[in-house]
There are 2 protein chains.
Amino acid sequence: MPVNLSAPQAVDLFTVPGVRIGVTEAGIRKANRKDLTLVLIDEGSSVSGVFTQNRFCAAPVQVCREHLALSAGIRAMLINTGNANAGTGEDGLSRARATCEALAAQLSLSPSQILPFSTGVIMETLPVDRITAGLPSVIASAHAASGGEQWLQAAQGIMTTDTVAKAFSKQIVLDGQTISITGISKGAGMIRPNMATMLGFIATDANVAQALMPALSLALAEASFNRVTVDGDTSTNDSLVIIATNKAAHAPITSLDSAAGAVLFAAMRDIAQKLAQAIVRDGEGATKFIAIKVEGGKTGAECRKVAYAIAHSPLVKTAFFASDPNLGRILAAVGYAGIDDLDQTGIDLYLDDVHVAVKGGRNPDYREEQGQHVMKQSEITVRVLLGRGDASDTVWTCDFSHEYVTINADYRS
Amino acid sequence: MPVNLSAPQAVDLFTVPGVRIGVTEAGIRKANRKDLTLVLIDEGSSVSGVFTQNRFCAAPVQVCREHLALSAGIRAMLINTGNANAGTGEDGLSRARATCEALAAQLSLSPSQILPFSTGVIMETLPVDRITAGLPSVIASAHAASGGEQWLQAAQGIMTTDTVAKAFSKQIVLDGQTISITGISKGAGMIRPNMATMLGFIATDANVAQALMPALSLALAEASFNRVTVDGDTSTNDSLVIIATNKAAHAPITSLDSAAGAVLFAAMRDIAQKLAQAIVRDGEGATKFIAIKVEGGKTGAECRKVAYAIAHSPLVKTAFFASDPNLGRILAAVGYAGIDDLDQTGIDLYLDDVHVAVKGGRNPDYREEQGQHVMKQSEITVRVLLGRGDASDTVWTCDFSHEYVTINADYRS
């Protein structure tokens, strides 16, 4: 059961003028499953993406990078589940390219105008024939699309071990124009994105200069997907793509520091954070949603080191699962996070508002019942004060339960 | 159930002339439990230790470092379970010192001749009064000790979540003299030693110059305890202490490169590796023992990075638990291990002798049944060829099971 996260409703998802989405059953890995999603993007849109830093990046990630670099104007994204097309060598690259070529032929586009995405099991051969056979149906579905239903179907179509679809949407006003922002994401395991998580797509009809898009997508990833972790495993396929269809009549946004740029960024960041946090809320086996705030560091980087050490510790995560305020495990993780000159006597620890540790030792006023009370909640904030400077950062994670083991011991069977 | 590891027998453990060991029930955390162990070391012995790199190192670790630096001649080690005396601030340091002072008074030694060790729950106040009350009994037990039984009792006395005691022993001949080497260790969780694991003690009656001891203990830690991991959590209390009682009549060993030094080192390394591997075999919830060999790296350090990334991946560890050859998870871990210029097309992967991946892709000759066959074994070797150079390294770990979650969700209750 995801933590305080319910399934999206089509009526809550705004359509984004310039984007049409179709889904179909291509039988890629299992029958009777919508496993192929097509996103059609109108000509004149601005598009950019950020991708996994995993050196074993999947074939489609390599092709996406190539196609974005060619700047031919991205017009479609093709997403399959059931097969990650990662760890597949040269053959995998050829297959990713073959799907782009087949779709390009049917849409009268160049293959370089298409971005391919795959998610599922690693080191299996991508069944190009089944994907190709599914193209007419998914294209027809996209052309017939209308309303928020298409975004809901896409959110459902890209799920793997997710237990609930993830989609968020909002509208803002820019220069008197109503602008829609809608995003979807998927992911529940192999989640410690290093650029973005597999997969996140956010579209808006705002008018954004293509030149600004790389900075926009990177800033959004840094504020959202690059701050969540489920199990510390950085996927081979992580991809976040941002689309601005430029349908709105306001003046093009060329800087995030402009008034309109700041408003748009804040709204898109809100959607990006909701999508990223939704992945943690639906983390494999998650029963709790935990924010880890580290303050008083010399740099943001060392705050993140400490936050991730806590967020990845199996001992900390199982203690949260058990609602056991075994808080020494958090201090131990702070100690091995890799800050060589850390002085333990400067460290304070809070669980929500409960002051647990003072100057590296147990707070004499702390009572076990207080810690227990917080640990039983489904939403918990861990706050570590390093006492070394003014930097801070936050990472979001979940606990580690029996269900995680069950899911990952049985995933392929 | 530990993996291919049975309880030691007293008859298999050689006594080490110059060392006597006692145990008693001090009621530190629970009643009717041998939780206090005393090791008496004869005058004239050489002693050194290596300790955790965790910045939140426990109070006894800090006191051990101080006392070893004073070079007053270590004459006793006092070890309690049930309480780690870590995350306890200045008060914890005072309590660690108080136990040394109380023991020193009864043994007519200086407090700086005593090394204190604590293992158990973090961030709880050490009950000095109970330890002090137990001293007469544990001293009497040490004076009455004879035979291998004392080592067995010590191995049992330092256990926490261990399911089986860990002790190994062997004899070698140096310059015509028979020399004994006996060691004990404990640990099952919070195991990713960075210097040594909590706790390892190895004693020999060989004659080793005190000046050589730091290099000897570091070399032994590097070849054994610093190559194992259960859950990636570096403990606050990791300690490895090496004792040479110098009772043997051979010439003092002053170099590990001398003939006698090399023979002694090889024998002690064998004991150290058995002790370190025993911790993994008894890793919390372990059902399999896995050696991860990484070859063809540019440096040993990058081989270790890759080996630890695999050894710490919850997805890899749960796949081993399930005997599921979901080997793409291993490739993904190789990819995010942190080698920035890694070329995935140079990587080969073996499971025992089964050639799984070639040049970053699935080996066309590989059959799933072959991988399945290896994964079902209780001892598995993962071999990764990086294709970048001549360096190699090996790390030992275990799988990740439901039992790990159960143990760590219930540890304190």
# chains A, B, ... in the order shown; residues from 1 in each chain; ligands from 1

call {"tool": "interface_residues", "arguments": {"of": "chain A", "to": "chain B", "cutoff": "6 Å", "atoms": "only C-alpha atoms", "output": "list in words"}}
result
Asn54, Arg55, Phe56, Gly87, Thr88, Gly89, Ile122, Met123, Thr236, Thr318, Ala319, Ala322, Gly328, Ala332, Gly335, Tyr336, Gln344, Gly360, Gly361, Arg362, His402, Asn408 and Ala409 of chain A

call {"tool": "select_by_dssp", "arguments": {"residues": "range 208-386 of chain B", "states": "helix (DSSP H, G or I)", "output": "ChimeraX atom specification"}}
result
/B:210-223,225-227,259-281,300-312,314-321,328-335,344-346,368-375

call {"tool": "residues_around", "arguments": {"residues": "range 257-272 of chain A", "least_positions_apart": "5", "cutoff": "10 Å", "atoms": "only C-alpha atoms", "output": "short mmCIF file (atom, residue, chain, number, x, y, z; two decimals) with C-alpha atoms, in the first residue's frame"}}
result
data_model
loop_
_atom_site.label_atom_id
_atom_site.label_comp_id
_atom_site.auth_asym_id
_atom_site.auth_seq_id
_atom_site.Cartn_x
_atom_site.Cartn_y
_atom_site.Cartn_z
CA ALA A 167 0.11 11.88 -12.28
CA PHE A 168 -0.18 15.47 -11.08
CA SER A 169 -1.46 18.57 -12.79
CA LYS A 170 -1.98 22.25 -12.12
CA GLN A 171 -2.81 25.49 -13.88
CA ILE A 172 -1.20 28.89 -13.43
CA VAL A 173 -1.70 32.27 -15.05
CA LEU A 174 1.17 33.83 -17.00
CA ASP A 175 0.69 37.27 -18.58
CA ILE A 179 -1.18 27.64 -18.62
CA SER A 180 -1.48 23.92 -17.85
CA ILE A 181 1.29 21.72 -16.42
CA THR A 182 0.76 17.97 -16.28
CA GLY A 183 3.30 15.29 -15.41
CA ILE A 184 3.49 11.53 -14.93
CA SER A 185 6.15 9.27 -13.42
CA GLY A 200 9.22 11.21 -15.52
CA PHE A 201 7.49 13.29 -18.16
CA ILE A 202 6.21 16.82 -17.56
CA ALA A 203 4.50 18.88 -20.24
CA THR A 204 3.21 22.43 -20.34
CA ALA A 206 3.81 27.54 -21.70
CA VAL A 208 9.69 28.47 -23.24
CA LEU A 212 16.41 27.54 -21.73
CA LEU A 216 15.05 24.07 -16.77
CA SER A 217 15.08 20.28 -16.87
CA ALA A 219 16.97 22.49 -12.19
CA LEU A 220 13.72 20.52 -11.93
CA ALA A 221 15.57 17.21 -11.58
CA GLU A 222 17.84 18.64 -8.88
CA ALA A 223 14.86 19.87 -6.89
CA SER A 224 12.88 16.64 -7.13
CA PHE A 225 13.98 13.33 -8.61
CA LEU A 240 13.11 12.85 -17.12
CA ILE A 242 10.30 18.22 -20.09
CA HIS A 250 2.65 35.03 -23.72
CA ALA A 251 6.15 36.19 -24.57
CA PRO A 252 8.72 33.35 -24.67
CA GLN A 277 7.78 11.91 -3.80
CA ALA A 278 5.02 9.71 -5.25
#

call {"tool": "residues_around", "arguments": {"residues": "range 21-36 of chain A", "least_positions_apart": "6", "cutoff": "6 Å", "atoms": "only C-alpha atoms", "output": "number ranges by chain"}}
result
A: 79-82, 130, 134, 138, 141-142, 150, 157

call {"tool": "residues_around", "arguments": {"residues": "Leu68 in chain B", "least_positions_apart": "5", "cutoff": "8 Å", "atoms": "only C-alpha atoms", "output": "mmCIF file with C-alpha atoms, in the first residue's frame"}}
result
data_model
loop_
_atom_site.group_PDB
_atom_site.id
_atom_site.type_symbol
_atom_site.label_atom_id
_atom_site.label_comp_id
_atom_site.auth_asym_id
_atom_site.auth_seq_id
_atom_site.Cartn_x
_atom_site.Cartn_y
_atom_site.Cartn_z
ATOM 1 C CA SER B 48 48.183 -3.372 18.525
ATOM 2 C CA GLY B 49 44.748 -2.666 17.130
ATOM 3 C CA ILE B 74 48.653 -3.464 27.389
ATOM 4 C CA SER B 112 46.179 2.922 30.460
#

call {"tool": "residues_around", "arguments": {"residues": "Leu107 in chain B", "least_positions_apart": "2", "cutoff": "10 Å", "atoms": "only C-alpha atoms", "output": "ChimeraX atom specification"}}
result
/B:40,75-76,101-105,109-111,139

call {"tool": "write_last_selection", "arguments": {"atoms": "C-alpha atoms", "output": "tab-separated table (two decimals), in the first residue's frame"}}
result
chain	number	residue	atom	x	y	z
B	40	LEU	CA	44.59	-11.14	30.71
B	75	ARG	CA	47.88	-6.13	30.03
B	76	ALA	CA	44.12	-6.66	29.85
B	101	GLU	CA	40.06	2.41	36.49
B	102	ALA	CA	38.03	-0.12	38.46
B	103	LEU	CA	39.71	-3.07	36.73
B	104	ALA	CA	43.17	-1.49	37.04
B	105	ALA	CA	42.70	-1.13	40.79
B	109	LEU	CA	47.82	-2.02	36.81
B	110	SER	CA	47.60	1.47	35.36
B	111	PRO	CA	44.23	2.23	33.66
B	139	ILE	CA	38.98	-12.08	37.25

call {"tool": "select_by_dssp", "arguments": {"residues": "range 208-372 of chain A", "states": "strand (DSSP E)", "output": "count of residues only"}}
result
26

call {"tool": "residues_around", "arguments": {"residues": "Arg388 in chain B", "least_positions_apart": "2", "cutoff": "7 Å", "atoms": "only C-alpha atoms", "output": "count of residues only"}}
result
4

call {"tool": "closest_residue", "arguments": {"among": "A:Thr99, A:Asn85, A:Thr160, A:Gln372", "to": "Ile279 in chain A", "atoms": "only C-alpha atoms"}}
result
A:Thr160

call {"tool": "atom_distance", "arguments": {"atom1": "CA of Thr119 in chain B", "atom2": "CA of Glu66 in chain B"}}
result
18.9 Å
